[in-house]
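*Asks:* Below is my_file.txt; it holds compact mmCIF, C-alpha atoms.
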# COMPACT_ATOMS: atom_id res chain seq x y z
CA MET O 1 9.30 -90.76 -8.18
CA SER O 2 9.87 -92.61 -4.91
CA GLN O 3 6.95 -93.74 -2.79
CA SER O 4 7.81 -91.18 -0.07
CA GLU O 5 8.40 -88.23 -2.40
CA LYS O 6 5.48 -85.89 -2.89
CA PRO O 7 4.54 -84.87 -6.42
CA LYS O 8 5.38 -81.25 -7.20
CA MET O 9 2.56 -78.82 -7.90
CA VAL O 10 2.93 -75.20 -8.99
CA LEU O 11 0.16 -72.64 -8.46
CA CYS O 12 0.37 -69.85 -11.07
CA MET O 13 -1.29 -66.49 -10.46
CA THR O 14 -0.88 -62.87 -11.60
CA SER O 15 -1.93 -61.39 -8.26
CA ASP O 16 -0.17 -61.29 -4.88
CA PHE O 17 -0.47 -64.54 -2.95
CA ALA O 18 -0.37 -62.60 0.34
CA PHE O 19 -3.79 -61.06 -0.34
CA ASP O 20 -5.54 -64.02 -1.98
CA GLN O 21 -7.25 -65.92 0.83
CA ARG O 22 -8.72 -68.50 -1.55
CA MET O 23 -5.31 -69.50 -2.88
CA GLN O 24 -3.78 -69.48 0.60
CA ARG O 25 -6.43 -71.97 1.71
CA ILE O 26 -5.96 -74.12 -1.39
CA ALA O 27 -2.17 -74.12 -0.99
CA LYS O 28 -2.40 -75.21 2.63
CA SER O 29 -4.86 -77.97 1.77
CA LEU O 30 -2.70 -79.26 -1.10
CA ALA O 31 0.49 -79.19 0.97
CA GLY O 32 -0.50 -82.48 2.58
CA LYS O 33 -0.35 -84.32 -0.77
CA PHE O 34 1.93 -82.11 -2.89
CA GLU O 35 5.11 -80.15 -2.62
CA VAL O 36 3.58 -76.78 -3.41
CA THR O 37 5.28 -73.88 -5.17
CA VAL O 38 3.53 -70.56 -5.77
CA ILE O 39 4.43 -68.38 -8.74
CA HIS O 40 2.88 -64.94 -8.39
CA ARG O 41 3.37 -61.20 -8.75
CA PRO O 42 4.08 -59.59 -5.36
CA SER O 43 2.80 -56.14 -4.55
CA GLY O 44 5.73 -55.49 -2.23
CA LYS O 45 3.45 -54.30 0.56
CA LEU O 46 3.79 -57.36 2.80
CA ASN O 47 6.13 -60.30 3.18
CA THR O 48 4.35 -62.96 1.17
CA PHE O 49 6.32 -65.98 2.35
CA TRP O 50 4.07 -68.73 3.65
CA GLY O 51 5.66 -71.54 5.66
CA SER O 52 5.20 -74.71 3.61
CA ALA O 53 5.00 -73.12 0.16
CA ASN O 54 7.99 -72.21 -1.96
CA GLU O 55 7.66 -68.93 -3.80
CA ILE O 56 8.80 -67.67 -7.18
CA ARG O 57 8.10 -63.97 -7.66
CA ILE O 58 7.70 -62.51 -11.12
CA SER O 59 8.28 -58.76 -11.21
CA CYS O 60 7.36 -57.36 -14.61
CA LEU O 61 8.49 -54.30 -16.52
CA PHE O 62 4.85 -53.60 -17.41
CA ASN O 63 2.25 -53.39 -14.63
CA ASN O 64 -1.01 -53.60 -16.57
CA GLY O 65 -2.62 -53.96 -19.96
CA PRO O 66 -1.77 -56.33 -22.84
CA LEU O 67 2.00 -55.92 -22.45
CA PHE O 68 1.81 -57.00 -18.81
CA TYR O 69 -0.14 -60.17 -19.60
CA ALA O 70 2.15 -60.99 -22.52
CA GLU O 71 5.30 -60.46 -20.45
CA PHE O 72 4.00 -62.36 -17.43
CA ASN O 73 2.88 -65.38 -19.47
CA LEU O 74 6.15 -65.46 -21.43
CA ARG O 75 8.20 -65.46 -18.22
CA LEU O 76 5.87 -67.99 -16.63
CA PHE O 77 6.04 -70.31 -19.65
CA PHE O 78 9.84 -70.52 -19.54
CA LEU O 79 9.80 -71.09 -15.78
CA LEU O 80 7.40 -74.00 -16.22
CA LEU O 81 9.29 -75.34 -19.21
CA PHE O 82 12.67 -75.60 -17.49
CA ARG O 83 11.62 -76.64 -13.98
CA ARG O 84 10.23 -80.00 -12.95
CA PHE O 85 6.61 -79.89 -11.82
CA ASP O 86 4.19 -82.80 -11.90
CA VAL O 87 0.97 -80.77 -11.84
CA LEU O 88 0.48 -77.26 -13.23
CA TYR O 89 -2.29 -75.15 -11.68
CA SER O 90 -3.62 -72.16 -13.63
CA VAL O 91 -5.41 -69.57 -11.51
CA ASP O 92 -7.82 -67.78 -13.88
CA THR O 93 -7.59 -67.14 -17.59
CA ASP O 94 -4.73 -64.65 -17.30
CA THR O 95 -2.26 -67.51 -16.59
CA LEU O 96 -3.91 -70.01 -18.93
CA THR O 97 -1.71 -69.34 -21.98
CA ALA O 98 1.54 -70.15 -20.18
CA VAL O 99 0.12 -73.16 -18.36
CA GLY O 100 -1.64 -74.49 -21.46
CA LEU O 101 1.50 -74.26 -23.59
CA ALA O 102 3.67 -75.73 -20.82
CA LYS O 103 1.30 -78.67 -20.55
CA ILE O 104 1.62 -79.34 -24.27
CA PHE O 105 5.43 -79.17 -24.23
CA THR O 106 6.01 -81.04 -20.94
CA ARG O 107 3.01 -83.41 -21.03
CA ARG O 108 2.30 -82.67 -17.37
CA LYS O 109 -1.10 -82.73 -15.72
CA ALA O 110 -2.83 -79.36 -15.53
CA VAL O 111 -5.64 -77.80 -13.51
CA TYR O 112 -7.65 -74.71 -14.50
CA ASP O 113 -9.27 -72.79 -11.62
CA SER O 114 -11.66 -70.00 -12.61
CA HIS O 115 -12.47 -67.61 -9.75
CA GLU O 116 -14.95 -65.69 -11.92
CA TRP O 117 -16.49 -65.57 -15.38
CA PHE O 118 -13.34 -63.95 -16.71
CA THR O 119 -14.64 -62.83 -20.09
CA GLU O 120 -17.76 -61.25 -18.55
CA VAL O 121 -16.13 -58.96 -15.99
CA PRO O 122 -17.11 -55.25 -16.13
CA GLU O 123 -13.68 -54.25 -17.42
CA LEU O 124 -14.39 -56.10 -20.70
CA ILE O 125 -17.88 -54.71 -21.29
CA GLY O 126 -17.77 -52.65 -24.49
CA ARG O 127 -14.35 -54.02 -25.50
CA PRO O 128 -15.24 -56.75 -28.02
CA ARG O 129 -11.72 -57.21 -29.46
CA ILE O 130 -10.07 -57.71 -26.08
CA LYS O 131 -12.91 -59.99 -25.02
CA ALA O 132 -12.49 -62.05 -28.20
CA ILE O 133 -8.80 -62.58 -27.43
CA TRP O 134 -9.53 -63.91 -23.93
CA ASN O 135 -12.35 -66.08 -25.31
CA GLY O 136 -9.92 -67.50 -27.83
CA ILE O 137 -7.39 -68.32 -25.11
CA GLU O 138 -10.04 -70.13 -23.08
CA ARG O 139 -11.29 -72.17 -26.03
CA SER O 140 -7.73 -73.05 -27.04
CA PHE O 141 -6.61 -74.44 -23.69
CA ILE O 142 -9.49 -75.32 -21.34
CA SER O 143 -10.43 -78.41 -23.35
CA GLY O 144 -6.97 -79.84 -22.66
CA MET O 145 -7.06 -79.35 -18.89
CA ASP O 146 -7.18 -82.49 -16.75
CA LEU O 147 -9.36 -80.89 -14.08
CA CYS O 148 -11.44 -77.70 -14.19
CA ILE O 149 -12.61 -75.89 -11.06
CA THR O 150 -14.77 -72.85 -10.36
CA VAL O 151 -16.32 -71.18 -7.33
CA ASN O 152 -20.02 -72.18 -7.38
CA GLU O 153 -22.60 -74.42 -8.99
CA SER O 154 -24.07 -71.68 -11.20
CA LEU O 155 -20.74 -71.05 -12.91
CA ALA O 156 -19.91 -74.75 -13.02
CA SER O 157 -23.14 -75.38 -14.92
CA GLN O 158 -22.61 -72.46 -17.30
CA PHE O 159 -18.97 -73.33 -18.00
CA GLY O 160 -19.92 -76.96 -18.55
CA ILE O 161 -22.27 -75.83 -21.32
CA ASN O 162 -19.81 -73.33 -22.82
CA PHE O 163 -16.76 -75.60 -22.90
CA LYS O 164 -18.46 -79.02 -23.06
CA LYS O 165 -16.36 -80.08 -20.11
CA PRO O 166 -17.32 -80.73 -16.46
CA PHE O 167 -16.33 -78.16 -13.85
CA LEU O 168 -16.01 -78.96 -10.16
CA ALA O 169 -17.55 -76.34 -7.84
CA ILE O 170 -15.24 -75.48 -4.91
CA ARG O 171 -16.72 -72.61 -2.94
CA ASN O 172 -14.43 -69.99 -1.45
CA LEU O 173 -15.21 -70.69 2.20
CA PRO O 174 -13.28 -69.53 5.28
CA HIS O 175 -11.72 -71.85 7.83
CA ARG O 176 -13.86 -72.84 10.82
CA ASP O 177 -13.50 -70.14 13.46
CA ILE O 178 -13.72 -71.36 17.04
CA SER O 179 -13.11 -67.96 18.60
CA GLU O 180 -16.00 -66.24 20.31
CA VAL O 181 -17.90 -63.53 18.50
CA ASN O 182 -18.90 -60.37 20.33
CA GLN O 183 -22.68 -60.58 20.66
CA ASP O 184 -23.08 -56.95 21.68
CA LEU O 185 -24.55 -54.57 19.14
CA PRO O 186 -21.63 -53.04 17.19
CA ALA O 187 -21.00 -49.47 16.18
CA LYS O 188 -22.88 -48.32 13.10
CA ILE O 189 -20.16 -49.15 10.60
CA LEU O 190 -20.66 -50.49 7.08
CA ILE O 191 -17.62 -52.45 5.92
CA TYR O 192 -16.52 -53.27 2.39
CA GLN O 193 -13.67 -55.68 1.81
CA GLY O 194 -12.23 -56.59 -1.58
CA ALA O 195 -10.97 -55.02 -4.78
CA VAL O 196 -11.80 -51.34 -5.26
CA ASN O 197 -12.68 -51.80 -8.93
CA LYS O 198 -15.40 -51.05 -11.40
CA GLY O 199 -18.77 -52.69 -10.81
CA ARG O 200 -18.30 -53.38 -7.08
CA GLY O 201 -21.00 -50.94 -5.97
CA ILE O 202 -18.64 -48.83 -3.87
CA GLU O 203 -19.91 -45.60 -5.44
CA CYS O 204 -23.44 -46.62 -4.43
CA ALA O 205 -22.34 -47.22 -0.83
CA ILE O 206 -20.60 -43.84 -0.70
CA GLU O 207 -23.70 -42.04 -1.98
CA ALA O 208 -25.96 -44.03 0.37
CA LEU O 209 -24.17 -42.59 3.38
CA LYS O 210 -25.83 -39.27 2.60
CA TYR O 211 -29.09 -40.92 3.75
CA LEU O 212 -27.48 -42.76 6.68
CA PRO O 213 -26.25 -39.94 8.94
CA ASP O 214 -25.47 -42.27 11.86
CA PHE O 215 -23.27 -44.64 9.83
CA ASP O 216 -19.60 -44.70 8.79
CA LEU O 217 -18.22 -46.60 5.80
CA HIS O 218 -14.88 -48.43 6.06
CA ILE O 219 -13.29 -49.70 2.83
CA TYR O 220 -10.54 -52.33 2.95
CA GLY O 221 -8.76 -53.10 -0.30
CA ASN O 222 -6.96 -51.58 -3.26
CA GLY O 223 -7.82 -51.32 -6.93
CA ASP O 224 -8.06 -49.21 -10.05
CA LEU O 225 -10.71 -46.86 -8.62
CA ARG O 226 -9.28 -46.22 -5.17
CA GLN O 227 -7.55 -42.90 -5.89
CA ASP O 228 -10.48 -41.56 -7.90
CA LEU O 229 -12.91 -42.49 -5.13
CA GLU O 230 -10.72 -40.96 -2.43
CA ASP O 231 -10.62 -37.72 -4.43
CA PHE O 232 -14.39 -37.84 -4.91
CA VAL O 233 -15.06 -38.43 -1.20
CA LYS O 234 -13.07 -35.33 -0.24
CA GLN O 235 -15.65 -33.20 -2.05
CA LEU O 236 -18.63 -34.62 -0.14
CA GLU O 237 -20.18 -33.07 2.97
CA TRP O 238 -20.33 -36.52 4.54
CA GLY O 239 -16.91 -37.57 3.24
CA ASN O 240 -15.34 -37.52 6.73
CA ARG O 241 -17.41 -40.61 7.55
CA ILE O 242 -15.80 -42.63 4.74
CA LYS O 243 -12.36 -44.13 5.34
CA PHE O 244 -10.06 -46.05 2.98
CA PHE O 245 -7.67 -48.44 4.72
CA GLY O 246 -6.08 -50.18 1.73
CA ALA O 247 -5.11 -53.85 1.78
CA VAL O 248 -4.52 -55.43 5.17
CA SER O 249 -3.56 -58.95 6.23
CA PRO O 250 -6.36 -61.56 6.43
CA GLU O 251 -5.99 -61.84 10.21
CA ALA O 252 -6.25 -58.09 10.73
CA LEU O 253 -9.25 -57.95 8.40
CA LYS O 254 -11.10 -60.50 10.54
CA THR O 255 -10.73 -58.25 13.56
CA TYR O 256 -11.95 -55.15 11.71
CA THR O 257 -14.89 -57.04 10.21
CA ARG O 258 -16.16 -58.19 13.61
CA SER O 259 -16.46 -54.56 14.71
CA ALA O 260 -18.81 -53.62 11.85
CA MET O 261 -22.60 -53.72 11.77
CA PHE O 262 -23.22 -54.75 8.14
CA GLY O 263 -20.88 -56.17 5.50
CA LEU O 264 -21.36 -54.90 1.95
CA ASN O 265 -21.31 -57.25 -1.04
CA LEU O 266 -22.59 -55.00 -3.83
CA LEU O 267 -22.18 -55.82 -7.50
CA ASP O 268 -23.30 -54.50 -10.87
CA GLY O 269 -25.74 -57.00 -12.32
CA SER O 270 -24.94 -55.98 -15.91
CA SER O 271 -21.83 -58.16 -15.56
CA LEU O 272 -22.64 -61.85 -15.90
CA SER O 273 -19.51 -62.61 -13.90
CA TYR O 274 -20.98 -60.72 -10.97
CA ARG O 275 -24.54 -61.96 -11.44
CA TYR O 276 -23.37 -65.56 -11.09
CA SER O 277 -20.83 -64.86 -8.37
CA LEU O 278 -20.53 -66.24 -4.85
CA ALA O 279 -17.95 -63.94 -3.31
CA ASN O 280 -15.73 -65.05 -0.46
CA LYS O 281 -16.63 -61.84 1.40
CA PHE O 282 -20.19 -63.17 1.83
CA PHE O 283 -18.81 -66.05 3.90
CA ASP O 284 -16.18 -63.89 5.60
CA TYR O 285 -18.91 -61.61 6.90
CA LEU O 286 -20.91 -64.62 8.06
CA GLN O 287 -17.87 -66.11 9.80
CA ALA O 288 -17.30 -62.79 11.58
CA GLY O 289 -20.87 -62.93 12.88
CA ILE O 290 -22.22 -59.90 11.01
CA PRO O 291 -25.10 -59.80 8.50
CA SER O 292 -24.33 -58.83 4.92
CA VAL O 293 -26.10 -56.76 2.28
CA ASN O 294 -25.99 -58.70 -0.99
CA MET O 295 -27.37 -58.32 -4.46
CA ASP O 296 -30.48 -60.33 -5.26
CA PHE O 297 -28.52 -62.78 -7.44
CA PRO O 298 -29.08 -66.57 -7.65
CA GLU O 299 -26.32 -67.87 -5.36
CA TYR O 300 -26.95 -65.35 -2.58
CA ARG O 301 -30.71 -65.74 -2.74
CA SER O 302 -30.50 -69.54 -2.46
CA ILE O 303 -28.51 -69.27 0.79
CA VAL O 304 -30.32 -66.33 2.38
CA GLU O 305 -33.74 -67.89 1.77
CA GLU O 306 -32.67 -70.95 3.75
CA TYR O 307 -30.48 -69.27 6.34
CA PRO O 308 -31.39 -65.62 7.13
CA VAL O 309 -27.83 -64.35 7.52
CA GLY O 310 -28.12 -61.36 5.19
CA VAL O 311 -30.48 -59.18 3.20
CA LEU O 312 -30.95 -58.77 -0.55
CA LEU O 313 -30.79 -55.58 -2.60
CA SER O 314 -32.62 -55.47 -5.93
CA GLY O 315 -30.53 -52.76 -7.61
CA LEU O 316 -27.61 -50.41 -7.07
CA GLU O 317 -29.51 -47.30 -6.01
CA PRO O 318 -28.12 -45.33 -3.03
CA GLN O 319 -31.55 -44.54 -1.56
CA ASN O 320 -32.66 -48.17 -1.90
CA LEU O 321 -29.51 -49.31 -0.12
CA ALA O 322 -30.07 -46.79 2.68
CA ARG O 323 -33.73 -47.82 3.06
CA LEU O 324 -32.78 -51.49 3.20
CA ILE O 325 -30.25 -50.89 5.98
CA ILE O 326 -32.61 -48.64 7.95
CA SER O 327 -35.49 -51.12 7.65
CA HIS O 328 -33.35 -53.96 9.02
CA THR O 329 -31.74 -52.02 11.85
CA PRO O 330 -34.69 -52.70 14.22
CA VAL O 331 -34.36 -56.47 13.61
CA TYR O 332 -30.57 -56.39 13.62
CA GLU O 333 -30.18 -58.40 16.79
CA LYS O 334 -32.02 -61.39 15.25
CA LEU O 335 -29.96 -61.14 12.05
CA LYS O 336 -26.74 -61.11 14.05
CA ASN O 337 -27.84 -64.04 16.21
CA ASP O 338 -28.64 -66.05 13.07
CA CYS O 339 -25.17 -65.27 11.71
CA ILE O 340 -23.59 -66.53 14.92
CA LYS O 341 -25.83 -69.62 14.82
CA TYR O 342 -24.97 -70.55 11.22
CA ARG O 343 -21.47 -69.10 10.84
CA ASN O 344 -19.71 -72.47 10.88
CA LEU O 345 -22.14 -74.12 8.51
CA TYR O 346 -20.06 -73.09 5.48
CA VAL O 347 -16.40 -73.84 6.25
CA TRP O 348 -13.31 -74.76 4.26
CA GLU O 349 -12.66 -77.90 6.32
CA GLU O 350 -15.67 -79.50 4.58
CA GLU O 351 -15.16 -77.92 1.15
CA GLU O 352 -11.51 -78.94 0.83
CA LEU O 353 -12.52 -82.61 0.86
CA LYS O 354 -14.10 -82.12 -2.58
CA LEU O 355 -10.93 -80.46 -3.84
CA LEU O 356 -8.66 -83.26 -2.62
CA GLU O 357 -11.01 -85.89 -4.03
CA GLY O 358 -11.03 -84.13 -7.40
CA LEU O 359 -7.23 -84.06 -7.47
CA GLY O 360 -6.99 -87.74 -6.54
CA SER O 361 -7.07 -88.83 -10.17
CA LEU O 362 -4.16 -86.50 -10.95
CA LEU O 363 -2.11 -88.12 -8.21
CA GLU O 364 -2.88 -91.56 -9.62
CA GLY O 365 -1.96 -90.42 -13.12
CA ASN O 366 1.43 -89.14 -12.01
CA LYS O 367 2.64 -92.24 -10.20
CA GLY O 368 5.62 -94.03 -11.55
The structure given in the file should be rewritten as structure tokens.

*Replies:*
Amino acid sequence: MSQSEKPKMVLCMTSDFAFDQRMQRIAKSLAGKFEVTVIHRPSGKLNTFWGSANEIRISCLFNNGPLFYAEFNLRLFFLLLFRRFDVLYSVDTDTLTAVGLAKIFTRRKAVYDSHEWFTEVPELIGRPRIKAIWNGIERSFISGMDLCITVNESLASQFGINFKKPFLAIRNLPHRDISEVNQDLPAKILIYQGAVNKGRGIECAIEALKYLPDFDLHIYGNGDLRQDLEDFVKQLEWGNRIKFFGAVSPEALKTYTRSAMFGLNLLDGSSLSYRYSLANKFFDYLQAGIPSVNMDFPEYRSIVEEYPVGVLLSGLEPQNLARLIISHTPVYEKLKNDCIKYRNLYVWEEEELKLLEGLGSLLEGNKG
């Protein structure tokens, strides 16, 4: 490799790059030191091309379940095997098989980036055989990774114990926003952004609106439960106050978020992945200058106790959620002002320095 030539890095993911703000930020940050290629599965809803990243799109015959993961990893493995990349980057456990095998065959450097506690997500609760397969994949390949990353200190500590390997915590923070935030009191809108999947507390928010007659609920995102929830809402007397908007671009989402009163970050605590989460939506709400309603979990409590930019909910009960929102409506102006005051305290421009420092050793190891 010449001195002027950038090493080639490939980011491997099963989701659509266009809707993954974390990976968009990481790709942009890495583009200064690497020639970045993204391998992903497009949804076809938006043009996913991003200026300085090459794209390879994998469209599978199977769209979900074991056959999808098997097909995707098989295709991904052969792509990695017959193309020249200096660093392989596995996004979550569902790309780890292909990346782990490609590392063994090509002897390239490899990064594992865990956005969640993959084997403890709600979808795997009560499915011990499927969970055992994913656990086996993690134990087979994580030990061989050159760098391991996750999204917060709680998970980094837990993974370090589980895999006897250090994990670097890179929080999913938004870029610094220098635009002005509307300081007027917004309309009474609760906003949810993210996957419409099991364990995200969306059902609780829908039911809570029964006790919040002045509020509307806006849901941005797609997922396994969207159609079922839309059908359910049609049967409710207050269903006309609940709107599903699907997935929208990150820029459009920022605009919609600023117009809301509270951002919802509700999770089922029976999932360890959720209990130890630090969702990007928490920081997206903060960046937009609106307070958030979060579960009383370790990462959220540690921030909210120091910076009062949100409120904590002890359990997913609709009436409790409604009471919490009603009780904080009289002090809303102070909550919003604190969000505006602290909104640029947690920004990607600071967090990316840790990522680039962590990857420095990989750059050194690939010279020559």

*Asks:* Measure the distance from CA of Ala252 in chain O to CA of Asn172 in chain O in Å and round it to one decimal.

*Replies:*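 Computed distance, CA of Ala252 in chain O to CA of Asn172 in chain O, equals 18.9 Å.
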
*Asks:* Write out as a PyMOL selection string each polymer residue whose atoms come within 12 Å of Phe141 in chain O, counting all atoms listed in the file; drop sequence neighbours fewer than 2 positions from it.

*Replies:* chain O and resi 90+92-104+110-112+134-139+143-148+163+165

*Asks:* Residues proximal to (-6.5, -79.4, 4.3) were defined as those with any atom within 10 Å of that point in the file's coordinates, counting all atoms listed in the file. Which are they, as a list in words?

*Replies:*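 I get Arg25, Ile26, Ala27, Lys28, Ser29, Leu30, Ala31, Gly32, Lys33, His175, Trp348, Glu349, Glu350, Glu351, Glu352, Leu353, Leu355 and Leu356 of chain O for the residues within 10 Å of that point.
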
*Asks:* With all atoms listed in the file as the counted atoms, please give the residues lying no more than 7 Å from Glu299 in chain O, apart from itself and same-chain residues fewer than 6 positions off, as a VMD selection string.

*Replies:* chain O and resid 276 to 278

*Asks:* Using all atoms listed in the file, which of O:Ile325, O:Leu286, O:Leu11, O:Ser302 sits nearest Glu153 in chain O?

*Replies:* O:Ser302

*Asks:* Calculate how many Å separate CA of Leu80 in chain O from CA of Phe19 in chain O, rounding to one decimal.

*Replies:* 23.3 Å

*Asks:* Mind giving me the straight-line distance from CA of Asp284 in chain O to CA of Val38 in chain O in Å, one decimal?

*Replies:*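 Calculated distance between CA of Asp284 in chain O and CA of Val38 in chain O is 23.7 Å.
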
*Asks:* From the list O:Gln193, O:Ser114, O:Thr37, O:Asn265, which residue is nearest Leu79 in chain O when using only C-alpha atoms?

*Replies:* O:Thr37

*Asks:* Might you pull out every residue within 10 Å of Cys204 in chain O, with only C-alpha atoms counted and same-chain residues fewer than 4 positions away left off, and present them as a list in words?

*Replies:*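 So the residues in contact are Gly199, Arg200, Ala208, Leu209, Leu266, Leu267, Gly315, Leu316, Glu317, Pro318, Gln319, Asn320, Leu321 and Ala322 of chain O.
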
*Asks:* O:Val151, O:Met9, O:Ala70, O:Ile202: which is nearest Glu116 in chain O, counting all atoms listed in the file?

*Replies:* O:Val151

*Asks:* Provide range 67-83 of chain O rebuilt to N, CA and C atoms, formatted as an mmCIF file, in the frame of the given file.

*Replies:*
data_model
loop_
_atom_site.group_PDB
_atom_site.id
_atom_site.type_symbol
_atom_site.label_atom_id
_atom_site.label_comp_id
_atom_site.auth_asym_id
_atom_site.auth_seq_id
_atom_site.Cartn_x
_atom_site.Cartn_y
_atom_site.Cartn_z
ATOM 1 N N LEU O 67 0.560 -55.651 -22.569
ATOM 2 C CA LEU O 67 2.000 -55.920 -22.450
ATOM 3 C C LEU O 67 2.321 -56.627 -21.142
ATOM 4 N N PHE O 68 1.595 -56.293 -20.071
ATOM 5 C CA PHE O 68 1.810 -57.000 -18.810
ATOM 6 C C PHE O 68 1.469 -58.478 -18.949
ATOM 7 N N TYR O 69 0.279 -58.768 -19.489
ATOM 8 C CA TYR O 69 -0.140 -60.170 -19.600
ATOM 9 C C TYR O 69 0.787 -60.949 -20.526
ATOM 10 N N ALA O 70 1.229 -60.323 -21.605
ATOM 11 C CA ALA O 70 2.150 -60.990 -22.520
ATOM 12 C C ALA O 70 3.488 -61.274 -21.829
ATOM 13 N N GLU O 71 4.015 -60.274 -21.131
ATOM 14 C CA GLU O 71 5.300 -60.460 -20.450
ATOM 15 C C GLU O 71 5.197 -61.500 -19.341
ATOM 16 N N PHE O 72 4.143 -61.420 -18.537
ATOM 17 C CA PHE O 72 4.000 -62.360 -17.430
ATOM 18 C C PHE O 72 3.898 -63.797 -17.938
ATOM 19 N N ASN O 73 3.064 -64.014 -18.961
ATOM 20 C CA ASN O 73 2.880 -65.380 -19.470
ATOM 21 C C ASN O 73 4.138 -65.899 -20.146
ATOM 22 N N LEU O 74 4.895 -65.033 -20.811
ATOM 23 C CA LEU O 74 6.150 -65.460 -21.430
ATOM 24 C C LEU O 74 7.139 -65.908 -20.353
ATOM 25 N N ARG O 75 7.292 -65.100 -19.316
ATOM 26 C CA ARG O 75 8.200 -65.460 -18.220
ATOM 27 C C ARG O 75 7.734 -66.740 -17.528
ATOM 28 N N LEU O 76 6.428 -66.816 -17.299
ATOM 29 C CA LEU O 76 5.870 -67.990 -16.630
ATOM 30 C C LEU O 76 6.079 -69.243 -17.471
ATOM 31 N N PHE O 77 5.864 -69.149 -18.773
ATOM 32 C CA PHE O 77 6.040 -70.310 -19.650
ATOM 33 C C PHE O 77 7.452 -70.883 -19.544
ATOM 34 N N PHE O 78 8.460 -70.022 -19.604
ATOM 35 C CA PHE O 78 9.840 -70.520 -19.540
ATOM 36 C C PHE O 78 10.191 -71.071 -18.164
ATOM 37 N N LEU O 79 9.598 -70.514 -17.108
ATOM 38 C CA LEU O 79 9.800 -71.090 -15.780
ATOM 39 C C LEU O 79 9.241 -72.507 -15.714
ATOM 40 N N LEU O 80 8.035 -72.682 -16.247
ATOM 41 C CA LEU O 80 7.400 -74.000 -16.220
ATOM 42 C C LEU O 80 8.108 -74.989 -17.140
ATOM 43 N N LEU O 81 8.652 -74.471 -18.228
ATOM 44 C CA LEU O 81 9.290 -75.340 -19.210
ATOM 45 C C LEU O 81 10.595 -75.935 -18.680
ATOM 46 N N PHE O 82 11.341 -75.163 -17.895
ATOM 47 C CA PHE O 82 12.670 -75.600 -17.490
ATOM 48 C C PHE O 82 12.755 -76.008 -16.022
ATOM 49 N N ARG O 83 11.631 -76.119 -15.338
ATOM 50 C CA ARG O 83 11.620 -76.640 -13.980
ATOM 51 C C ARG O 83 10.708 -77.847 -13.924
#
